[in-house]
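Asker: Structure file target_13.pdb, PDB, C-alpha atoms, pLDDT in the B column, is pasted below:
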MODEL        1
ATOM      1  CA  ALA A   1       0.000   0.000   0.000  1.00 46.00           C
ATOM      2  CA  ALA A   2       1.089   3.574  -0.547  1.00 50.00           C
ATOM      3  CA  THR A   3       2.610   5.434   2.359  1.00 46.00           C
ATOM      4  CA  PRO A   4      -0.137   7.482   4.021  1.00 48.00           C
ATOM      5  CA  GLY A   5       0.670  11.130   3.437  1.00 51.00           C
ATOM      6  CA  GLY A   6       2.944  10.402   0.492  1.00 53.00           C
ATOM      7  CA  PRO A   7       6.706  10.639   0.017  1.00 51.00           C
ATOM      8  CA  ALA A   8       7.236  13.610   2.337  1.00 52.00           C
ATOM      9  CA  VAL A   9       5.786  11.670   5.262  1.00 47.00           C
ATOM     10  CA  ALA A  10       7.902   8.608   4.428  1.00 49.00           C
ATOM     11  CA  ALA A  11      11.063  10.730   4.444  1.00 48.00           C
ATOM     12  CA  ALA A  12      10.072  12.508   7.659  1.00 43.00           C
ATOM     13  CA  ALA A  13       9.386   9.148   9.324  1.00 43.00           C
ATOM     14  CA  GLY A  14      13.025   8.171   8.767  1.00 44.00           C
ATOM     15  CA  ALA A  15      12.475   5.782   5.866  1.00 54.00           C
ATOM     16  CA  LEU A  16      15.508   5.276   3.631  1.00 60.00           C
ATOM     17  CA  VAL A  17      14.737   7.243   0.482  1.00 60.00           C
ATOM     18  CA  THR A  18      17.670   7.136  -1.933  1.00 55.00           C
ATOM     19  CA  ASP A  19      18.302  10.803  -2.804  1.00 67.00           C
ATOM     20  CA  GLY A  20      14.727  11.340  -3.951  1.00 78.00           C
ATOM     21  CA  THR A  21      13.477  10.203  -7.299  1.00 90.00           C
ATOM     22  CA  TRP A  22      14.207   6.978  -9.146  1.00 94.00           C
ATOM     23  CA  ASN A  23      17.072   7.152 -11.646  1.00 93.00           C
ATOM     24  CA  PRO A  24      17.996   4.726 -14.432  1.00 94.00           C
ATOM     25  CA  TYR A  25      21.529   3.303 -14.309  1.00 93.00           C
ATOM     26  CA  ARG A  26      21.678   3.694 -10.532  1.00 92.00           C
ATOM     27  CA  ARG A  27      22.509   0.747  -8.271  1.00 92.00           C
ATOM     28  CA  TYR A  28      19.697  -0.154  -5.850  1.00 92.00           C
ATOM     29  CA  ASP A  29      20.012  -2.645  -3.017  1.00 91.00           C
ATOM     30  CA  GLU A  30      17.244  -4.738  -1.509  1.00 92.00           C
ATOM     31  CA  GLY A  31      15.266  -2.572   0.905  1.00 91.00           C
ATOM     32  CA  ASP A  32      16.227   0.765  -0.693  1.00 90.00           C
ATOM     33  CA  MET A  33      13.348   3.133  -1.188  1.00 92.00           C
ATOM     34  CA  THR A  34      12.852   5.694  -3.926  1.00 92.00           C
ATOM     35  CA  ILE A  35      10.148   7.973  -5.300  1.00 93.00           C
ATOM     36  CA  HIS A  36       8.671   7.498  -8.768  1.00 94.00           C
ATOM     37  CA  LYS A  37       5.673   9.422 -10.117  1.00 94.00           C
ATOM     38  CA  GLY A  38       4.838  10.650  -6.617  1.00 92.00           C
ATOM     39  CA  ARG A  39       4.835   7.211  -4.970  1.00 93.00           C
ATOM     40  CA  VAL A  40       7.374   5.605  -2.673  1.00 93.00           C
ATOM     41  CA  TYR A  41       8.679   2.188  -3.765  1.00 94.00           C
ATOM     42  CA  ARG A  42      10.801  -0.380  -1.913  1.00 93.00           C
ATOM     43  CA  CYS A  43      13.418  -2.350  -3.850  1.00 94.00           C
ATOM     44  CA  LEU A  44      12.775  -6.108  -3.688  1.00 96.00           C
ATOM     45  CA  GLN A  45      15.969  -7.294  -5.458  1.00 96.00           C
ATOM     46  CA  ALA A  46      19.376  -5.670  -5.754  1.00 94.00           C
ATOM     47  CA  HIS A  47      19.928  -4.419  -9.307  1.00 95.00           C
ATOM     48  CA  THR A  48      21.244  -1.626 -11.494  1.00 96.00           C
ATOM     49  CA  ALA A  49      18.231   0.210 -12.900  1.00 96.00           C
ATOM     50  CA  ARG A  50      17.531   0.504 -16.606  1.00 97.00           C
ATOM     51  CA  PRO A  51      15.199   3.005 -18.302  1.00 96.00           C
ATOM     52  CA  GLU A  52      12.593   0.319 -19.060  1.00 96.00           C
ATOM     53  CA  TRP A  53      12.628  -0.976 -15.445  1.00 96.00           C
ATOM     54  CA  GLU A  54      10.658   1.883 -13.884  1.00 97.00           C
ATOM     55  CA  PRO A  55       9.217   0.955 -10.477  1.00 97.00           C
ATOM     56  CA  ASP A  56       5.590   1.148 -11.645  1.00 97.00           C
ATOM     57  CA  LYS A  57       6.390  -1.303 -14.471  1.00 97.00           C
ATOM     58  CA  THR A  58       8.517  -3.921 -12.679  1.00 97.00           C
ATOM     59  CA  PRO A  59       6.754  -5.541  -9.710  1.00 97.00           C
ATOM     60  CA  ALA A  60       9.531  -8.163  -9.512  1.00 97.00           C
ATOM     61  CA  LEU A  61      11.981  -5.387  -8.595  1.00 97.00           C
ATOM     62  CA  TRP A  62       9.811  -2.777  -6.853  1.00 97.00           C
ATOM     63  CA  TRP A  63       6.798  -2.736  -4.572  1.00 95.00           C
ATOM     64  CA  PRO A  64       4.833   0.310  -3.404  1.00 95.00           C
ATOM     65  CA  ALA A  65       5.927   1.092   0.145  1.00 85.00           C
TER      66      ALA A  65
ENDMDL
END
Would you mind writing the file out in structure tokens?
Answerer:
Amino acid sequence: AATPGGPAVAAAAGALVTDGTWNPYRRYDEGDMTIHKGRVYRCLQAHTARPEWEPDKTPALWWPA
């Protein structure tokens, strides 16, 4: 489920949010959190992101936090 209050609340609550928005070609580790299209996502598998692996399109890699 989405974080109640959105990304700002997740960051204020001390959640690990990797420097803000999701970026292709960045390394993400399991448990990292990022923001994409206004939603917070938690990384499910360590990977280096690719442009076609956006969090809202890859449920094997990302899950809404």
Asker: I need the output of the PyMOL selection byres ((chain A and resi 25) around 7) for this file as a PyMOL selection string; which residues are they?
Answerer: chain A and resi 23-24+26-27+48-50
Asker: Would you save the residues of that selection, restricted to C-alpha atoms, as a CSV table (one decimal), in the coordinates of the input?
Answerer:
chain,number,residue,atom,x,y,z
A,23,ASN,CA,17.1,7.2,-11.6
A,24,PRO,CA,18.0,4.7,-14.4
A,26,ARG,CA,21.7,3.7,-10.5
A,27,ARG,CA,22.5,0.7,-8.3
A,48,THR,CA,21.2,-1.6,-11.5
A,49,ALA,CA,18.2,0.2,-12.9
A,50,ARG,CA,17.5,0.5,-16.6
Asker: So the first atom is CA of Leu61 (chain A) and the second is CA of Gly38 (chain A); what is the distance between them in Å, to one decimal place?
Answerer: 17.7 Å
Asker: Which residue gives the smallest distance to Tyr28 (chain A) among A:Pro51, A:Pro64, A:Asp56, A:Ala46, with all atoms listed in the file counted?
Answerer: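 Among the listed residues, A:Ala46 lies closest to Tyr28 (chain A).
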Asker: Box for region 29-32 of chain A: with edges along x, y and z, all listed atoms inside and 3 Å added on each side, what are the centre and edge lengths in Å to one decimal, as lines of an AutoDock Vina configuration file?
Answerer:
center_x = 17.6
center_y = -2.0
center_z = -1.1
size_x = 10.7
size_y = 11.5
size_z = 9.9
Asker: Quick one: which residues end up in the PyMOL selection byres ((chain A and resi 58) around 12) for this structure, as a list of chain:residue names?
Answerer: A:Tyr41, A:Arg42, A:Cys43, A:Leu44, A:Gln45, A:His47, A:Ala49, A:Arg50, A:Pro51, A:Glu52, A:Trp53, A:Glu54, A:Pro55, A:Asp56, A:Lys57, A:Pro59, A:Ala60, A:Leu61, A:Trp62, A:Trp63, A:Pro64
Asker: If you count only C-alpha atoms, which residues fall within 6 Å of Val40 (chain A), apart from same-chain ones fewer than 5 positions away, as a list in words?
Answerer: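 My list of contacting residues is Pro7, Thr34, Ile35, Pro64 and Ala65 of chain A.
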